[in-house]
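Trainee: My structure file start03.cif, mmCIF, C-alpha atoms and all ligand atoms, is below:
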```cif
data_entry
#
loop_
_atom_site.label_atom_id
_atom_site.label_comp_id
_atom_site.auth_asym_id
_atom_site.auth_seq_id
_atom_site.Cartn_x
_atom_site.Cartn_y
_atom_site.Cartn_z
CA MET A 445 54.11 -36.34 151.23
CA ASN A 446 56.43 -37.24 154.07
CA LEU A 447 55.88 -34.94 157.01
CA SER A 448 58.39 -36.34 159.46
CA VAL A 449 61.07 -34.05 160.93
CA GLY A 450 63.33 -36.99 161.73
CA TYR A 451 66.74 -35.78 162.86
CA LEU A 452 65.89 -32.08 162.98
CA ILE A 453 66.36 -30.15 166.19
CA THR A 454 63.16 -28.27 166.90
CA PRO A 455 62.94 -24.96 168.78
CA THR A 456 61.29 -26.90 171.62
CA GLN A 457 64.31 -29.19 171.97
CA ALA A 458 66.73 -26.29 171.57
CA TRP A 459 65.15 -24.20 174.34
CA TYR A 460 64.64 -27.09 176.74
CA GLY A 461 68.25 -28.11 176.10
CA LEU A 462 69.39 -24.57 176.82
CA TRP A 463 67.37 -24.62 180.02
CA ASP A 464 69.23 -27.76 181.11
CA ILE A 465 72.59 -26.14 180.36
CA PHE A 466 71.63 -23.09 182.45
CA VAL A 467 70.46 -25.26 185.34
CA TYR A 468 73.52 -27.56 185.39
CA LEU A 469 76.00 -24.71 185.01
CA GLY A 470 74.12 -22.75 187.67
CA ILE A 471 74.35 -25.70 190.04
CA ALA A 472 78.07 -26.13 189.30
CA VAL A 473 78.78 -22.44 189.88
CA GLY A 474 76.68 -22.50 193.06
CA VAL A 475 78.59 -25.49 194.43
CA VAL A 476 81.97 -23.85 193.73
CA VAL A 477 81.03 -20.42 195.13
CA ILE A 478 79.24 -21.71 198.24
CA SER A 479 82.02 -24.25 198.98
CA TYR A 480 84.62 -21.50 198.68
CA PHE A 481 82.56 -19.31 200.97
CA VAL A 482 82.02 -22.00 203.60
CA TYR A 483 85.70 -23.00 203.51
CA HIS A 484 86.80 -19.45 204.26
CA VAL A 485 84.14 -18.89 206.91
CA VAL A 486 85.46 -21.95 208.74
CA ARG A 487 89.16 -21.43 208.15
CA TYR A 488 89.22 -17.74 209.06
CA ARG A 489 86.66 -17.87 211.85
CA SER A 490 87.13 -15.67 214.87
CA LYS A 491 89.73 -16.92 217.36
CA GLU A 492 90.84 -15.63 220.74
CA ASP A 493 94.39 -14.81 219.77
CA TYR A 494 93.74 -13.78 216.16
CA VAL A 495 95.33 -10.53 215.04
CA PRO A 496 94.19 -9.24 211.62
CA THR A 497 96.92 -8.40 209.17
CA TYR A 498 96.89 -6.82 205.74
CA GLU A 499 100.20 -8.27 204.80
CA ASN A 500 100.11 -10.07 201.47
CA LYS A 501 102.44 -13.03 201.76
CA ASN A 502 101.79 -14.48 198.35
CA GLY A 503 100.98 -11.87 195.70
CA SER A 504 101.37 -14.24 192.76
CA HIS A 505 98.79 -16.58 194.27
CA ASP A 506 96.27 -13.73 194.29
CA LEU A 507 96.94 -12.99 190.63
CA ARG A 508 96.50 -16.64 189.74
CA PHE A 509 93.20 -16.69 191.60
CA VAL A 510 91.98 -13.68 189.65
CA LEU A 511 93.05 -15.18 186.32
CA VAL A 512 91.46 -18.56 187.03
CA SER A 513 88.17 -17.20 188.36
CA THR A 514 87.87 -14.65 185.54
CA SER A 515 88.63 -17.29 182.92
CA LEU A 516 86.04 -19.67 184.37
CA SER A 517 83.44 -16.89 184.37
CA ILE A 518 84.23 -16.03 180.75
CA ILE A 519 83.98 -19.69 179.72
CA VAL A 520 80.59 -20.02 181.43
CA LEU A 521 79.33 -16.85 179.72
CA ILE A 522 80.59 -18.03 176.32
CA ILE A 523 78.83 -21.39 176.71
CA LEU A 524 75.55 -19.71 177.71
CA SER A 525 75.81 -17.11 174.91
CA ALA A 526 76.58 -19.72 172.26
CA GLY A 527 73.70 -21.90 173.47
CA THR A 528 71.31 -18.95 173.41
CA LEU A 529 72.37 -17.89 169.90
CA ASN A 530 72.02 -21.50 168.73
CA ALA A 531 68.48 -21.82 170.12
CA ALA A 532 67.53 -18.47 168.57
CA SER A 533 68.98 -19.58 165.25
CA VAL A 534 66.94 -22.81 165.32
CA THR A 535 63.83 -20.80 166.18
CA PHE A 536 64.19 -18.23 163.42
CA ASN A 537 65.24 -20.61 160.65
CA PRO A 538 62.48 -23.07 159.77
CA PRO A 539 63.98 -26.12 158.06
CA ALA A 540 64.11 -25.78 154.30
CA THR A 541 61.88 -28.64 153.29
CA ASN A 542 58.75 -28.99 151.21
CA ASP A 543 57.22 -31.24 153.83
CA THR A 544 55.78 -28.46 155.89
CA VAL A 545 52.34 -27.29 156.90
CA ASN A 546 51.83 -23.53 156.69
CA ILE A 547 49.05 -22.07 158.79
CA GLU A 548 48.05 -18.45 159.25
CA VAL A 549 47.35 -17.44 162.83
CA ILE A 550 45.20 -14.35 163.39
CA GLY A 551 44.75 -12.83 166.82
CA HIS A 552 41.40 -11.23 167.57
CA GLN A 553 39.91 -9.66 170.69
CA PHE A 554 39.55 -12.24 172.16
CA TYR A 555 40.14 -15.45 170.26
CA TRP A 556 42.56 -17.16 167.92
CA GLN A 557 41.75 -17.93 164.31
CA PHE A 558 43.72 -20.49 162.31
CA VAL A 559 43.51 -20.29 158.53
CA TYR A 560 44.72 -23.21 156.40
CA PRO A 561 46.12 -22.96 152.85
CA ASP A 562 42.81 -24.00 151.30
CA GLY A 563 40.95 -21.28 153.15
CA ARG A 564 39.33 -23.36 155.87
CA SER A 565 39.51 -21.76 159.24
CA LEU A 566 39.28 -22.93 162.83
CA ILE A 567 38.55 -20.89 165.93
CA ASN A 568 40.49 -21.60 169.13
CA ASN A 569 41.65 -24.98 167.87
CA LEU A 570 44.92 -25.41 166.03
CA THR A 571 44.96 -28.81 164.35
CA ILE A 572 48.26 -30.12 163.05
CA PRO A 573 49.71 -33.43 161.86
CA ALA A 574 52.04 -35.26 164.25
CA GLY A 575 55.71 -35.11 163.32
CA ALA A 576 55.30 -32.42 160.67
CA VAL A 577 57.20 -29.17 160.47
CA VAL A 578 54.47 -26.66 161.28
CA ILE A 579 55.15 -23.09 160.20
CA LEU A 580 52.85 -20.48 161.68
CA ASN A 581 52.51 -17.04 160.12
CA VAL A 582 51.19 -14.95 162.96
CA THR A 583 49.37 -11.64 162.67
CA SER A 584 46.56 -9.70 164.33
CA GLN A 585 43.27 -8.23 163.21
CA ASP A 586 43.09 -5.53 165.88
CA VAL A 587 45.58 -4.88 168.69
CA PHE A 588 48.89 -6.42 169.70
CA HIS A 589 48.62 -10.01 170.88
CA SER A 590 51.27 -12.62 171.45
CA PHE A 591 50.83 -16.22 170.36
CA GLY A 592 52.51 -18.77 172.59
CA ILE A 593 52.56 -22.47 173.42
CA SER A 594 54.63 -22.61 176.60
CA GLN A 595 54.68 -26.42 176.69
CA PHE A 596 56.58 -26.41 173.40
CA ALA A 597 58.64 -23.31 174.17
CA VAL A 598 57.42 -21.23 171.25
CA LYS A 599 56.00 -17.72 171.34
CA ILE A 600 55.82 -14.75 169.00
CA ASP A 601 54.09 -11.38 168.83
CA ALA A 602 50.89 -11.04 166.80
CA ILE A 603 50.96 -7.55 165.30
CA PRO A 604 48.47 -5.94 162.86
CA ASP A 605 49.69 -5.54 159.26
CA ARG A 606 52.68 -7.72 159.88
CA TYR A 607 53.49 -11.43 159.78
CA ASN A 608 55.82 -13.02 162.28
CA THR A 609 56.88 -16.59 161.68
CA LEU A 610 57.52 -19.40 164.09
CA TRP A 611 57.81 -23.12 163.64
CA PHE A 612 57.56 -26.19 165.79
CA SER A 613 56.80 -29.88 165.62
CA VAL A 614 54.95 -32.26 167.92
CA GLN A 615 55.51 -36.00 167.76
CA GLN A 616 52.82 -37.16 170.15
CA PRO A 617 49.20 -37.05 168.88
CA GLY A 618 46.58 -35.82 171.30
CA VAL A 619 44.53 -32.83 172.36
CA TYR A 620 46.67 -30.38 174.28
CA VAL A 621 43.90 -28.59 176.16
CA ASP A 622 44.41 -24.84 176.71
CA ALA A 623 47.98 -25.17 175.43
CA ILE A 624 47.76 -21.96 173.39
CA ARG A 625 47.48 -18.63 175.14
CA CYS A 626 47.85 -14.94 174.51
CA TYR A 627 50.95 -13.48 176.14
CA GLU A 628 50.35 -9.78 175.46
CA LEU A 629 47.81 -7.91 177.56
CA CYS A 630 45.29 -7.03 174.87
CA GLY A 631 42.13 -5.97 176.68
CA ALA A 632 39.44 -7.13 179.07
CA GLY A 633 39.18 -10.63 177.56
CA HIS A 634 42.92 -11.29 177.42
CA ALA A 635 42.86 -13.97 180.10
CA TYR A 636 40.28 -15.94 178.14
CA MET A 637 42.20 -15.92 174.87
CA ILE A 638 42.96 -19.60 175.12
CA ALA A 639 42.99 -22.29 172.43
CA ASN A 640 43.54 -26.02 172.14
CA LEU A 641 46.31 -27.65 170.18
CA THR A 642 45.08 -30.80 168.46
CA VAL A 643 47.75 -33.10 167.10
CA VAL A 644 46.42 -35.86 164.84
CA SER A 645 48.09 -38.65 162.90
CA GLN A 646 49.32 -37.74 159.45
CA ALA A 647 46.73 -40.03 157.88
CA ALA A 648 43.92 -38.37 159.81
CA TYR A 649 45.24 -34.95 158.88
CA GLN A 650 45.41 -35.80 155.19
CA GLN A 651 41.89 -37.15 155.34
CA TRP A 652 40.62 -34.01 157.08
CA ILE A 653 42.40 -31.67 154.70
CA SER A 654 41.13 -33.57 151.66
CA GLN A 655 37.52 -33.04 152.68
CA LYS A 656 35.83 -30.12 150.97
CA VAL A 657 35.83 -26.82 152.82
CA ASN A 658 32.43 -26.36 154.46
CA GLY A 659 31.76 -29.97 153.49
CU CU B 1 45.95 -11.03 174.87
#
```
Can the structure in the file be given as structure tokens, please?
Mentor:
Amino acid sequence: MNLSVGYLITPTQAWYGLWDIFVYLGIAVGVVVISYFVYHVVRYRSKEDYVPTYENKNGSHDLRFVLVSTSLSIIVLIILSAGTLNAASVTFNPPATNDTVNIEVIGHQFYWQFVYPDGRSLINNLTIPAGAVVILNVTSQDVFHSFGISQFAVKIDAIPDRYNTLWFSVQQPGVYVDAIRCYELCGAGHAYMIANLTVVSQAAYQQWISQKVNG
């Protein structure tokens, strides 16, 4: 079994990429708008002999300004919308491959349970193989919760009698302490509904999963 995602774009990459686009476009728009503002503040500053006039000496210039600024705004909005739809599409369409690990995630007041295909279950510790496509089927045993790993930009509601799916992939093995949290106020213990994400090598994962349950 080859569990490597290789060239795939993960939701984590898609959302972080979208974040960059928002930041860079925001900076560009800020530079243009603030420069325009400062230019006019300086150029049309108060002078002793200045007499205000409402005469429009160049009407076509004004129309051109409106067309250009509106077009630029529309282009920016199209880029941001397309990027958002793309990231959402990556998130909601797990790659069609057999090399995936499916894990059931069950929210409880106030802990997370992770159930593996062979029935073994972990509490507050999600263990996954590095580089694999990990598909989580998220539900709840009691009230609404929300399962999220902010570091990897994934989050989805955990709702009783319903399964919501999310997928992600982590290349770097290690224990990501307190990486998993509940993001839906679910009761008095909500703030303590925290779990670790443990990413192990594929060999270690195969070895662990091949051990007998309860063995
Ligand atoms: Cu909660």
Trainee: Show me, as an NGL selection string, the residues that have an atom within 12 Å of Ala531 (chain A) when counting only C-alpha atoms, minus same-chain residues fewer than 6 positions from it.
Mentor: :A and (453-463 or 465 or 524-525 or 537 or 597-598)
Trainee: Considering all atoms listed in the file, return as a list of chain:residue names whatever protein or nucleic-acid residues lie within 10 Å of region 574-576 of chain A, sequence-local ones (same chain, fewer than 3 positions apart) excluded.
Mentor: A:Asn446, A:Leu447, A:Ser448, A:Val449, A:Gly450, A:Asp543, A:Thr544, A:Val545, A:Thr571, A:Ile579, A:Phe612, A:Ser613, A:Val614, A:Gln615, A:Gln616, A:Pro617, A:Gly618, A:Thr642, A:Val643, A:Val644, A:Ser645, A:Gln646, A:Ala647, A:Ala648, A:Tyr649
Trainee: Here is a test: counting all atoms listed in the file, which residue of A:Ala639, A:Cys630, A:Val549, A:Leu570 is nearest to Val582 (chain A)?
Mentor: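 So, comparing all the options, the nearest one is A:Val549.
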Trainee: Throw together the list of residues within 7 Å of ligand CU 1 (chain B), counting only C-alpha atoms and all ligand atoms, and drop it here as a list in words.
Mentor: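 I would give the residues around ligand CU 1 (chain B) as His589, Ser590, Cys626, Tyr627, Glu628, Leu629, Cys630, Gly631, His634, Ala635 and Met637 of chain A.
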Trainee: In Å, rounded to a single decimal, give me how far CA of Asp562 (chain A) is from CA of Ala540 (chain A).
Mentor: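 So the answer is 21.6 Å.
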Trainee: Tell me, in Å to one decimal, how far CA of Thr583 (chain A) is from CA of Tyr620 (chain A).
Mentor: 22.2 Å
Trainee: At a cut-off of 8 Å, using only C-alpha atoms, what residues contact Ile547 (chain A)? Leave out same-chain residues fewer than 4 positions from it and give the result as an MDAnalysis selection string.
Mentor: chainID A and resid 558:561 578:581
Trainee: Return the single residue from A:Asp464, A:Pro573, A:Pro496, A:Leu566 that is closest to Gln651 (chain A), with distances computed using all atoms listed in the file.
Mentor: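 Ranking A:Asp464, A:Pro573, A:Pro496, A:Leu566 by distance to Gln651 (chain A), first place goes to A:Pro573.
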Trainee: Work out how far apart CA of His552 (chain A) and CA of Ser584 (chain A) are and give it in Å to one decimal.
Mentor: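 If I compute the distance from CA of His552 (chain A) to CA of Ser584 (chain A), I get 6.3 Å.
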Trainee: Determine, counting all atoms listed in the file, every residue of protein, DNA or RNA that lies within 6 Å of (40.0, -19.8, 164.3) in the file coordinates, then give the result as a PyMOL selection string.
Mentor: chain A and resi 556-558+565-568
Trainee: With distances taken over only C-alpha atoms, which of A:Phe554, A:Arg606, A:Ile638, A:Asn530 is nearest to Val621 (chain A)?
Mentor: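 Closest residue, counting only C-alpha atoms: A:Ile638.
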Trainee: Name the closest residue to Asn569 (chain A) among the candidates A:Ala632, A:Ile624, A:Tyr483, A:Tyr607; distances are taken between atoms, counting only C-alpha atoms.
Mentor: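 The closest residue to Asn569 (chain A) is A:Ile624.
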